[in-house]
>>> print(open('run_37.txt').read())   # compact mmCIF, N, CA, C and O atoms
# COMPACT_ATOMS: atom_id res chain seq x y z
N MET A 1212 75.49 99.15 109.39
CA MET A 1212 75.46 99.38 107.96
C MET A 1212 75.40 98.04 107.23
O MET A 1212 76.05 97.09 107.64
N PRO A 1213 74.68 98.00 106.12
CA PRO A 1213 74.59 96.75 105.37
C PRO A 1213 75.90 96.47 104.64
O PRO A 1213 76.67 97.38 104.33
N SER A 1214 76.12 95.20 104.37
CA SER A 1214 77.27 94.80 103.57
C SER A 1214 76.75 94.16 102.29
O SER A 1214 75.61 93.72 102.23
N PHE A 1215 77.60 94.12 101.27
CA PHE A 1215 77.21 93.63 99.98
C PHE A 1215 78.15 92.53 99.54
O PHE A 1215 79.37 92.68 99.62
N LYS A 1216 77.59 91.41 99.06
CA LYS A 1216 78.40 90.30 98.57
C LYS A 1216 79.09 90.70 97.28
O LYS A 1216 78.51 91.39 96.44
N ILE A 1217 80.33 90.26 97.13
CA ILE A 1217 81.08 90.49 95.90
C ILE A 1217 81.32 89.14 95.26
O ILE A 1217 81.92 88.24 95.87
N ASP A 1218 80.87 88.99 94.02
CA ASP A 1218 81.03 87.74 93.29
C ASP A 1218 82.39 87.72 92.60
O ASP A 1218 82.63 88.52 91.68
N VAL A 1219 83.28 86.86 93.05
CA VAL A 1219 84.59 86.73 92.42
C VAL A 1219 84.73 85.37 91.74
O VAL A 1219 85.83 84.92 91.47
N SER A 1220 83.59 84.73 91.43
CA SER A 1220 83.61 83.39 90.85
C SER A 1220 84.25 83.35 89.47
O SER A 1220 84.80 82.33 89.06
N THR A 1221 84.20 84.45 88.72
CA THR A 1221 84.82 84.48 87.39
C THR A 1221 86.15 85.22 87.39
O THR A 1221 86.78 85.35 86.34
N ALA A 1222 86.57 85.72 88.52
CA ALA A 1222 87.79 86.52 88.63
C ALA A 1222 89.02 85.65 88.87
O ALA A 1222 88.92 84.53 89.38
N VAL A 1223 90.17 86.19 88.51
CA VAL A 1223 91.46 85.61 88.86
C VAL A 1223 91.96 86.45 90.02
O VAL A 1223 92.05 87.67 89.93
N VAL A 1224 92.31 85.78 91.14
CA VAL A 1224 92.71 86.50 92.35
C VAL A 1224 94.10 86.03 92.77
O VAL A 1224 94.36 84.83 92.88
N PHE A 1225 94.99 87.01 93.01
CA PHE A 1225 96.35 86.73 93.46
C PHE A 1225 96.63 87.51 94.74
O PHE A 1225 96.07 88.58 94.96
N VAL A 1226 97.53 86.98 95.55
CA VAL A 1226 98.00 87.70 96.73
C VAL A 1226 98.93 88.81 96.25
O VAL A 1226 99.87 88.56 95.50
N ALA A 1227 98.65 90.03 96.67
CA ALA A 1227 99.52 91.17 96.35
C ALA A 1227 100.46 91.45 97.52
O ALA A 1227 101.65 91.71 97.32
N THR A 1228 99.91 91.40 98.75
CA THR A 1228 100.74 91.57 99.96
C THR A 1228 100.34 90.48 100.94
O THR A 1228 99.17 90.15 101.07
N PRO A 1229 101.32 89.90 101.64
CA PRO A 1229 101.02 88.80 102.56
C PRO A 1229 100.20 89.26 103.76
O PRO A 1229 100.15 90.46 104.06
N PRO A 1230 99.56 88.32 104.45
CA PRO A 1230 98.76 88.67 105.62
C PRO A 1230 99.60 89.34 106.71
O PRO A 1230 100.72 88.91 106.99
N THR A 1231 99.05 90.40 107.28
CA THR A 1231 99.67 91.06 108.43
C THR A 1231 98.59 91.29 109.47
O THR A 1231 97.41 91.40 109.12
N PRO A 1232 98.95 91.34 110.74
CA PRO A 1232 97.93 91.59 111.76
C PRO A 1232 97.21 92.92 111.52
O PRO A 1232 97.84 93.92 111.18
N LYS A 1233 95.90 92.91 111.67
CA LYS A 1233 95.12 94.15 111.57
C LYS A 1233 95.20 94.85 112.92
O LYS A 1233 94.88 94.25 113.94
N LEU A 1234 95.64 96.09 112.93
CA LEU A 1234 95.86 96.81 114.18
C LEU A 1234 94.68 97.73 114.50
O LEU A 1234 94.14 98.40 113.61
N VAL A 1235 94.33 97.78 115.77
CA VAL A 1235 93.35 98.75 116.25
C VAL A 1235 94.03 100.11 116.32
O VAL A 1235 93.45 101.13 115.95
N SER A 1236 95.28 100.10 116.79
CA SER A 1236 96.03 101.34 116.95
C SER A 1236 97.50 101.08 116.60
O SER A 1236 98.10 100.16 117.15
N LYS A 1237 98.05 101.91 115.74
CA LYS A 1237 99.46 101.78 115.40
C LYS A 1237 100.34 102.18 116.58
O LYS A 1237 101.43 101.65 116.75
N GLN A 1238 99.86 103.11 117.41
CA GLN A 1238 100.64 103.56 118.56
C GLN A 1238 100.82 102.45 119.60
O GLN A 1238 101.91 102.27 120.15
N THR A 1239 99.76 101.70 119.87
CA THR A 1239 99.83 100.67 120.90
C THR A 1239 100.19 99.30 120.35
O THR A 1239 100.61 98.42 121.10
N GLY A 1240 99.96 99.10 119.05
CA GLY A 1240 100.21 97.78 118.46
C GLY A 1240 99.12 96.78 118.76
O GLY A 1240 99.27 95.59 118.48
N GLU A 1241 98.00 97.24 119.32
CA GLU A 1241 96.90 96.34 119.67
C GLU A 1241 96.29 95.73 118.40
O GLU A 1241 95.98 96.45 117.45
N ILE A 1242 96.15 94.40 118.40
CA ILE A 1242 95.62 93.68 117.24
C ILE A 1242 94.09 93.62 117.34
O ILE A 1242 93.54 93.33 118.40
N ALA A 1243 93.43 93.87 116.20
CA ALA A 1243 91.97 93.82 116.14
C ALA A 1243 91.48 92.39 116.31
O ALA A 1243 92.13 91.44 115.86
N ILE A 1244 90.33 92.27 116.95
CA ILE A 1244 89.74 90.96 117.25
C ILE A 1244 88.36 90.87 116.59
O ILE A 1244 87.59 91.83 116.62
N ASP A 1245 88.06 89.70 116.03
CA ASP A 1245 86.74 89.45 115.45
C ASP A 1245 85.71 89.42 116.57
O ASP A 1245 85.85 88.67 117.53
N ARG A 1246 84.69 90.25 116.48
CA ARG A 1246 83.68 90.35 117.54
C ARG A 1246 82.87 89.08 117.71
O ARG A 1246 82.39 88.77 118.80
N GLU A 1247 82.68 88.31 116.63
CA GLU A 1247 81.86 87.10 116.69
C GLU A 1247 82.64 85.90 117.21
O GLU A 1247 82.11 85.11 117.98
N THR A 1248 83.90 85.74 116.76
CA THR A 1248 84.65 84.53 117.11
C THR A 1248 85.72 84.75 118.17
O THR A 1248 86.21 83.80 118.75
N GLY A 1249 86.14 86.00 118.35
CA GLY A 1249 87.22 86.29 119.29
C GLY A 1249 88.60 86.03 118.71
O GLY A 1249 89.61 86.19 119.40
N ALA A 1250 88.68 85.67 117.43
CA ALA A 1250 89.96 85.39 116.78
C ALA A 1250 90.62 86.69 116.33
O ALA A 1250 89.93 87.64 115.95
N PRO A 1251 91.96 86.74 116.35
CA PRO A 1251 92.66 87.92 115.83
C PRO A 1251 92.37 88.10 114.33
O PRO A 1251 92.13 87.12 113.62
N LEU A 1252 92.42 89.34 113.87
CA LEU A 1252 92.17 89.63 112.46
C LEU A 1252 93.48 89.95 111.74
O LEU A 1252 94.43 90.44 112.34
N ALA A 1253 93.48 89.65 110.45
CA ALA A 1253 94.63 89.95 109.59
C ALA A 1253 94.13 90.70 108.37
O ALA A 1253 92.95 90.66 108.02
N THR A 1254 95.05 91.39 107.71
CA THR A 1254 94.76 92.08 106.45
C THR A 1254 95.67 91.51 105.38
O THR A 1254 96.86 91.35 105.59
N VAL A 1255 95.08 91.18 104.24
CA VAL A 1255 95.86 90.66 103.11
C VAL A 1255 95.48 91.47 101.87
O VAL A 1255 94.32 91.80 101.65
N GLY A 1256 96.49 91.84 101.09
CA GLY A 1256 96.25 92.57 99.85
C GLY A 1256 95.98 91.59 98.73
O GLY A 1256 96.76 90.66 98.51
N LEU A 1257 94.87 91.78 98.02
CA LEU A 1257 94.50 90.89 96.93
C LEU A 1257 94.35 91.67 95.63
O LEU A 1257 93.73 92.74 95.61
N LEU A 1258 94.90 91.12 94.55
CA LEU A 1258 94.71 91.66 93.23
C LEU A 1258 93.60 90.85 92.58
O LEU A 1258 93.73 89.63 92.41
N VAL A 1259 92.48 91.50 92.28
CA VAL A 1259 91.33 90.83 91.69
C VAL A 1259 91.19 91.32 90.26
O VAL A 1259 90.96 92.51 90.03
N ALA A 1260 91.35 90.39 89.31
CA ALA A 1260 91.26 90.73 87.89
C ALA A 1260 90.04 90.04 87.29
O ALA A 1260 89.87 88.82 87.41
N ASP A 1261 89.17 90.85 86.65
CA ASP A 1261 87.96 90.30 86.04
C ASP A 1261 87.50 91.25 84.95
O ASP A 1261 87.56 92.48 85.12
N GLU A 1262 87.04 90.70 83.85
CA GLU A 1262 86.50 91.46 82.73
C GLU A 1262 87.45 92.57 82.26
O GLU A 1262 87.05 93.70 82.01
N GLY A 1263 88.75 92.25 82.19
CA GLY A 1263 89.74 93.18 81.67
C GLY A 1263 90.15 94.29 82.62
O GLY A 1263 90.84 95.23 82.23
N GLU A 1264 89.76 94.18 83.88
CA GLU A 1264 90.08 95.22 84.87
C GLU A 1264 90.67 94.55 86.11
O GLU A 1264 90.21 93.52 86.55
N GLY A 1265 91.70 95.17 86.68
CA GLY A 1265 92.30 94.66 87.90
C GLY A 1265 92.20 95.69 89.02
O GLY A 1265 92.39 96.88 88.78
N ASN A 1266 91.89 95.23 90.22
CA ASN A 1266 91.79 96.11 91.37
C ASN A 1266 92.53 95.50 92.55
O ASN A 1266 92.55 94.28 92.72
N LEU A 1267 93.11 96.35 93.35
CA LEU A 1267 93.80 95.93 94.56
C LEU A 1267 92.90 96.20 95.75
O LEU A 1267 92.44 97.33 95.94
N TYR A 1268 92.61 95.18 96.53
CA TYR A 1268 91.77 95.31 97.72
C TYR A 1268 92.56 94.90 98.95
O TYR A 1268 93.26 93.88 98.93
N GLN A 1269 92.44 95.67 100.02
CA GLN A 1269 92.96 95.27 101.32
C GLN A 1269 91.79 94.58 102.03
O GLN A 1269 90.80 95.24 102.36
N VAL A 1270 91.90 93.28 102.25
CA VAL A 1270 90.80 92.48 102.75
C VAL A 1270 91.10 92.01 104.18
O VAL A 1270 92.19 91.48 104.44
N THR A 1271 90.14 92.21 105.07
CA THR A 1271 90.27 91.74 106.44
C THR A 1271 89.73 90.31 106.52
O THR A 1271 88.66 90.01 105.99
N VAL A 1272 90.51 89.45 107.18
CA VAL A 1272 90.15 88.04 107.33
C VAL A 1272 90.53 87.61 108.74
O VAL A 1272 91.56 88.04 109.28
N SER A 1273 89.72 86.75 109.34
CA SER A 1273 90.09 86.17 110.62
C SER A 1273 91.35 85.33 110.43
O SER A 1273 91.53 84.69 109.38
N ASN A 1274 92.22 85.31 111.43
CA ASN A 1274 93.45 84.49 111.35
C ASN A 1274 93.14 83.03 111.06
O ASN A 1274 93.95 82.33 110.47
N THR A 1275 91.97 82.57 111.48
CA THR A 1275 91.59 81.18 111.24
C THR A 1275 91.25 80.93 109.78
O THR A 1275 91.17 79.79 109.36
N GLY A 1276 91.05 81.98 108.98
CA GLY A 1276 90.66 81.84 107.58
C GLY A 1276 91.75 82.16 106.58
O GLY A 1276 91.49 82.23 105.39
N VAL A 1277 92.97 82.34 107.07
CA VAL A 1277 94.07 82.67 106.16
C VAL A 1277 95.36 82.00 106.64
O VAL A 1277 95.75 82.15 107.79
N PRO A 1278 96.02 81.22 105.76
CA PRO A 1278 97.29 80.62 106.16
C PRO A 1278 98.40 81.67 106.23
O PRO A 1278 98.39 82.64 105.47
N GLU A 1279 99.33 81.49 107.14
CA GLU A 1279 100.42 82.46 107.33
C GLU A 1279 101.39 82.50 106.17
O GLU A 1279 102.04 83.51 105.94
N ASN A 1280 101.50 81.41 105.42
CA ASN A 1280 102.54 81.31 104.39
C ASN A 1280 102.09 81.82 103.02
O ASN A 1280 102.72 81.49 102.02
N LEU A 1281 101.03 82.61 102.94
CA LEU A 1281 100.61 83.17 101.65
C LEU A 1281 101.65 84.17 101.19
O LEU A 1281 101.95 85.14 101.88
N ALA A 1282 102.18 83.96 100.00
CA ALA A 1282 103.22 84.84 99.46
C ALA A 1282 102.68 85.63 98.28
O ALA A 1282 101.76 85.16 97.59
N PRO A 1283 103.22 86.81 98.03
CA PRO A 1283 102.79 87.58 96.86
C PRO A 1283 102.91 86.74 95.59
O PRO A 1283 103.87 86.00 95.40
N GLY A 1284 101.89 86.86 94.74
CA GLY A 1284 101.86 86.11 93.49
C GLY A 1284 101.10 84.81 93.57
O GLY A 1284 100.81 84.20 92.55
N THR A 1285 100.75 84.36 94.78
CA THR A 1285 100.03 83.10 94.94
C THR A 1285 98.58 83.26 94.46
O THR A 1285 97.87 84.16 94.92
N PRO A 1286 98.13 82.39 93.55
CA PRO A 1286 96.72 82.43 93.17
C PRO A 1286 95.87 81.87 94.32
O PRO A 1286 96.25 80.88 94.95
N VAL A 1287 94.76 82.54 94.61
CA VAL A 1287 93.94 82.16 95.77
C VAL A 1287 92.46 82.10 95.42
O VAL A 1287 92.02 82.65 94.41
N THR A 1288 91.73 81.44 96.30
CA THR A 1288 90.28 81.43 96.28
C THR A 1288 89.82 82.27 97.46
O THR A 1288 90.37 82.15 98.56
N VAL A 1289 88.83 83.12 97.24
CA VAL A 1289 88.30 83.98 98.30
C VAL A 1289 86.88 83.51 98.61
O VAL A 1289 86.05 83.39 97.73
N VAL A 1290 86.64 83.24 99.89
CA VAL A 1290 85.33 82.77 100.33
C VAL A 1290 84.61 83.89 101.08
O VAL A 1290 85.17 84.50 101.99
N GLY A 1291 83.37 84.15 100.69
CA GLY A 1291 82.53 85.10 101.42
C GLY A 1291 83.00 86.53 101.39
O GLY A 1291 82.92 87.22 102.41
N LEU A 1292 83.46 87.02 100.25
CA LEU A 1292 83.94 88.40 100.15
C LEU A 1292 82.75 89.36 100.19
O LEU A 1292 81.78 89.20 99.44
N LYS A 1293 82.83 90.35 101.07
CA LYS A 1293 81.79 91.37 101.21
C LYS A 1293 82.43 92.75 101.28
O LYS A 1293 83.56 92.90 101.72
N ALA A 1294 81.66 93.75 100.86
CA ALA A 1294 82.08 95.15 100.93
C ALA A 1294 81.09 95.92 101.79
O ALA A 1294 79.90 95.60 101.81
N ARG A 1295 81.61 96.90 102.50
CA ARG A 1295 80.76 97.75 103.34
C ARG A 1295 81.31 99.17 103.31
O ARG A 1295 82.52 99.38 103.41
N ASP A 1296 80.43 100.14 103.15
CA ASP A 1296 80.90 101.52 103.18
C ASP A 1296 80.99 101.99 104.63
O ASP A 1296 80.32 101.46 105.49
N TRP A 1297 81.88 102.94 104.86
CA TRP A 1297 82.07 103.46 106.22
C TRP A 1297 82.32 104.96 106.15
O TRP A 1297 82.70 105.50 105.11
N GLU A 1298 82.08 105.59 107.29
CA GLU A 1298 82.34 107.02 107.43
C GLU A 1298 82.60 107.31 108.90
O GLU A 1298 81.93 106.77 109.77
N ASN A 1299 83.60 108.14 109.16
CA ASN A 1299 83.84 108.58 110.53
C ASN A 1299 84.38 110.00 110.54
O ASN A 1299 84.89 110.49 109.54
N THR A 1300 84.22 110.65 111.67
CA THR A 1300 84.72 112.00 111.84
C THR A 1300 85.71 112.01 112.99
O THR A 1300 85.41 111.50 114.08
N PHE A 1301 86.90 112.55 112.75
CA PHE A 1301 87.94 112.61 113.76
C PHE A 1301 88.60 113.97 113.65
O PHE A 1301 89.03 114.37 112.57
N ASN A 1302 88.66 114.68 114.77
CA ASN A 1302 89.24 116.03 114.80
C ASN A 1302 88.61 116.95 113.75
O ASN A 1302 89.30 117.73 113.09
N GLY A 1303 87.30 116.82 113.59
CA GLY A 1303 86.59 117.69 112.67
C GLY A 1303 86.69 117.33 111.20
O GLY A 1303 86.11 117.99 110.36
N GLN A 1304 87.43 116.27 110.89
CA GLN A 1304 87.55 115.84 109.50
C GLN A 1304 86.75 114.57 109.28
O GLN A 1304 86.89 113.60 110.02
N THR A 1305 85.92 114.58 108.26
CA THR A 1305 85.12 113.41 107.91
C THR A 1305 85.85 112.62 106.84
O THR A 1305 86.30 113.18 105.84
N ARG A 1306 85.96 111.32 107.09
CA ARG A 1306 86.59 110.41 106.14
C ARG A 1306 85.58 109.33 105.79
O ARG A 1306 84.72 108.99 106.60
N HIS A 1307 85.71 108.77 104.60
CA HIS A 1307 84.81 107.69 104.20
C HIS A 1307 85.52 106.77 103.23
O HIS A 1307 86.57 107.13 102.66
N GLY A 1308 84.98 105.58 103.06
CA GLY A 1308 85.58 104.62 102.15
C GLY A 1308 84.79 103.34 102.12
O GLY A 1308 83.65 103.28 102.58
N ILE A 1309 85.42 102.30 101.58
CA ILE A 1309 84.81 100.98 101.50
C ILE A 1309 85.77 100.00 102.15
O ILE A 1309 86.98 100.01 101.86
N SER A 1310 85.25 99.17 103.04
CA SER A 1310 86.08 98.13 103.66
C SER A 1310 85.66 96.78 103.10
O SER A 1310 84.51 96.58 102.70
N PHE A 1311 86.62 95.86 103.03
CA PHE A 1311 86.38 94.54 102.47
C PHE A 1311 86.67 93.49 103.53
O PHE A 1311 87.66 93.59 104.27
N ARG A 1312 85.82 92.47 103.57
CA ARG A 1312 85.95 91.41 104.57
C ARG A 1312 85.68 90.08 103.89
O ARG A 1312 84.81 89.99 103.03
N ALA A 1313 86.44 89.05 104.24
CA ALA A 1313 86.24 87.71 103.69
C ALA A 1313 86.26 86.69 104.81
O ALA A 1313 86.87 86.93 105.86
N VAL A 1314 85.59 85.58 104.60
CA VAL A 1314 85.59 84.49 105.56
C VAL A 1314 86.93 83.76 105.51
O VAL A 1314 87.50 83.42 106.54
N ALA A 1315 87.44 83.54 104.28
CA ALA A 1315 88.71 82.83 104.13
C ALA A 1315 89.38 83.20 102.82
O ALA A 1315 88.71 83.54 101.84
N VAL A 1316 90.70 83.10 102.82
CA VAL A 1316 91.52 83.25 101.63
C VAL A 1316 92.46 82.04 101.63
O VAL A 1316 93.27 81.90 102.54
N THR A 1317 92.32 81.17 100.61
CA THR A 1317 93.12 79.94 100.59
C THR A 1317 93.83 79.79 99.25
O THR A 1317 93.30 80.21 98.22
N PRO A 1318 95.03 79.20 99.26
CA PRO A 1318 95.73 78.97 98.01
C PRO A 1318 94.88 78.13 97.05
O PRO A 1318 94.18 77.22 97.49
N LEU A 1319 94.91 78.45 95.79
CA LEU A 1319 94.14 77.73 94.79
C LEU A 1319 94.55 76.26 94.79
O LEU A 1319 95.74 75.95 94.83
N GLY A 1320 93.58 75.39 94.81
CA GLY A 1320 93.86 73.96 94.81
C GLY A 1320 94.11 73.37 96.18
O GLY A 1320 94.34 72.18 96.32
N ALA A 1321 94.07 74.20 97.24
CA ALA A 1321 94.31 73.67 98.59
C ALA A 1321 93.07 73.01 99.14
O ALA A 1321 91.98 73.28 98.79
>>> encode(input="run_37.txt", output="structure tokens")
Amino acid sequence: MPSFKIDVSTAVVFVATPPTPKLVSKQTGEIAIDRETGAPLATVGLLVADEGEGNLYQVTVSNTGVPENLAPGTPVTVVGLKARDWENTFNGQTRHGISFRAVAVTPLGA
């Protein structure tokens, strides 16, 4: 499926939830791995405010692109933010949504 670039150059972006390992399965605790680099993946909650509107995104980032010490409220810069729609069927139920992925999330001014 194609992905779409998201321009956050005029947005104010803050950490809403700190990075946590992205899990393949909650039952096993297996951590998701980036297929291209082999690095573990993390999920960080970001509040993106632009043009009078704020949205909360759960963004997947390689561990190499996000510092561990990001705390809620920290203003950040997001590099390479993309969105992709997804759909899957499990036990006869179809689910769909939008997933977000970034190359890096770094504290502003770092």
>>> closest_residue(input="run_37.txt", among="A:Ser1310, A:Thr1317, A:Asn1266, A:Asn1274", to="Ser1214 of chain A", atoms="all atoms listed in the file")
A:Ser1310
>>> closest_residue(input="run_37.txt", among="A:Val1224, A:Lys1216, A:Gly1308, A:Trp1297", to="Val1259 of chain A", atoms="all atoms listed in the file")
A:Val1224
>>> atom_distance(input="run_37.txt", atom1="atom CA of Tyr1268 of chain A", atom2="atom CA of Glu1241 of chain A")
22.6 Å
>>> select_by_dssp(input="run_37.txt", residues="segment 1217-1321 of chain A", states="strand (DSSP E or B)", output="VMD selection string")
chain A and resid 1223 to 1232 1234 1242 1244 1251 to 1261 1264 to 1273 1286 to 1290 1293 to 1301 1304 to 1313 1315 to 1318
>>> atom_distance(input="run_37.txt", atom1="atom CA of Ala1222 of chain A", atom2="atom N of Ala1260 of chain A")
5.3 Å
>>> closest_residue(input="run_37.txt", among="A:Val1223, A:Val1287, A:Ala1243, A:Ala1315", to="Asp1261 of chain A", atoms="only N, CA, C and O atoms")
A:Val1223
>>> residues_near_point(input="run_37.txt", point="(75.7, 93.4, 105.2)", cutoff="10 Å", atoms="only C-alpha atoms", output="list of chain:residue names")
A:Met1212, A:Pro1213, A:Ser1214, A:Phe1215, A:Lys1216, A:Lys1293, A:Ala1294, A:Arg1295, A:Asp1296
>>> atom_distance(input="run_37.txt", atom1="atom O of Pro1251 of chain A", atom2="atom N of Phe1301 of chain A")
26.0 Å
>>> build_atoms(input="run_37.txt", residues="segment 1213-1222 of chain A", atoms="all heavy atoms", output="short mmCIF file (atom, residue, chain, number, x, y, z; two decimals), in the coordinates of the input")
data_model
loop_
_atom_site.label_atom_id
_atom_site.label_comp_id
_atom_site.auth_asym_id
_atom_site.auth_seq_id
_atom_site.Cartn_x
_atom_site.Cartn_y
_atom_site.Cartn_z
N PRO A 1213 74.68 98.00 106.12
CA PRO A 1213 74.59 96.75 105.37
C PRO A 1213 75.90 96.47 104.64
O PRO A 1213 76.67 97.38 104.33
CB PRO A 1213 73.46 97.01 104.38
CG PRO A 1213 73.39 98.48 104.24
CD PRO A 1213 73.85 99.05 105.56
N SER A 1214 76.12 95.20 104.37
CA SER A 1214 77.27 94.80 103.57
C SER A 1214 76.75 94.16 102.29
O SER A 1214 75.61 93.72 102.23
CB SER A 1214 78.17 93.85 104.34
OG SER A 1214 77.48 92.68 104.70
N PHE A 1215 77.60 94.12 101.27
CA PHE A 1215 77.21 93.63 99.98
C PHE A 1215 78.15 92.53 99.54
O PHE A 1215 79.37 92.68 99.62
CB PHE A 1215 77.23 94.77 98.95
CG PHE A 1215 76.36 95.92 99.35
CD1 PHE A 1215 76.89 96.98 100.07
CD2 PHE A 1215 75.02 95.93 99.03
CE1 PHE A 1215 76.08 98.04 100.45
CE2 PHE A 1215 74.21 96.98 99.42
CZ PHE A 1215 74.74 98.04 100.13
N LYS A 1216 77.59 91.41 99.06
CA LYS A 1216 78.40 90.30 98.57
C LYS A 1216 79.09 90.70 97.28
O LYS A 1216 78.51 91.39 96.44
CB LYS A 1216 77.53 89.08 98.32
CG LYS A 1216 76.94 88.48 99.56
CD LYS A 1216 76.09 87.29 99.21
CE LYS A 1216 75.42 86.74 100.45
NZ LYS A 1216 74.54 85.61 100.13
N ILE A 1217 80.33 90.26 97.13
CA ILE A 1217 81.08 90.49 95.90
C ILE A 1217 81.32 89.14 95.26
O ILE A 1217 81.92 88.24 95.87
CB ILE A 1217 82.42 91.20 96.18
CG1 ILE A 1217 82.17 92.56 96.81
CG2 ILE A 1217 83.21 91.34 94.89
CD1 ILE A 1217 83.43 93.29 97.19
N ASP A 1218 80.87 88.99 94.02
CA ASP A 1218 81.03 87.74 93.29
C ASP A 1218 82.39 87.72 92.60
O ASP A 1218 82.63 88.52 91.68
CB ASP A 1218 79.91 87.60 92.27
CG ASP A 1218 79.99 86.31 91.46
OD1 ASP A 1218 80.79 85.41 91.83
OD2 ASP A 1218 79.24 86.19 90.47
N VAL A 1219 83.28 86.86 93.05
CA VAL A 1219 84.59 86.73 92.42
C VAL A 1219 84.73 85.37 91.74
O VAL A 1219 85.83 84.92 91.47
CB VAL A 1219 85.74 86.95 93.45
CG1 VAL A 1219 85.83 88.39 93.87
CG2 VAL A 1219 85.60 86.04 94.63
N SER A 1220 83.59 84.73 91.43
CA SER A 1220 83.61 83.39 90.85
C SER A 1220 84.25 83.35 89.47
O SER A 1220 84.80 82.33 89.06
CB SER A 1220 82.20 82.80 90.80
OG SER A 1220 81.35 83.59 90.00
N THR A 1221 84.20 84.45 88.72
CA THR A 1221 84.82 84.48 87.39
C THR A 1221 86.15 85.22 87.39
O THR A 1221 86.78 85.35 86.34
CB THR A 1221 83.86 85.15 86.37
OG1 THR A 1221 83.60 86.49 86.79
CG2 THR A 1221 82.56 84.38 86.25
N ALA A 1222 86.57 85.72 88.52
CA ALA A 1222 87.79 86.52 88.63
C ALA A 1222 89.02 85.65 88.87
O ALA A 1222 88.92 84.53 89.38
CB ALA A 1222 87.66 87.53 89.76
#
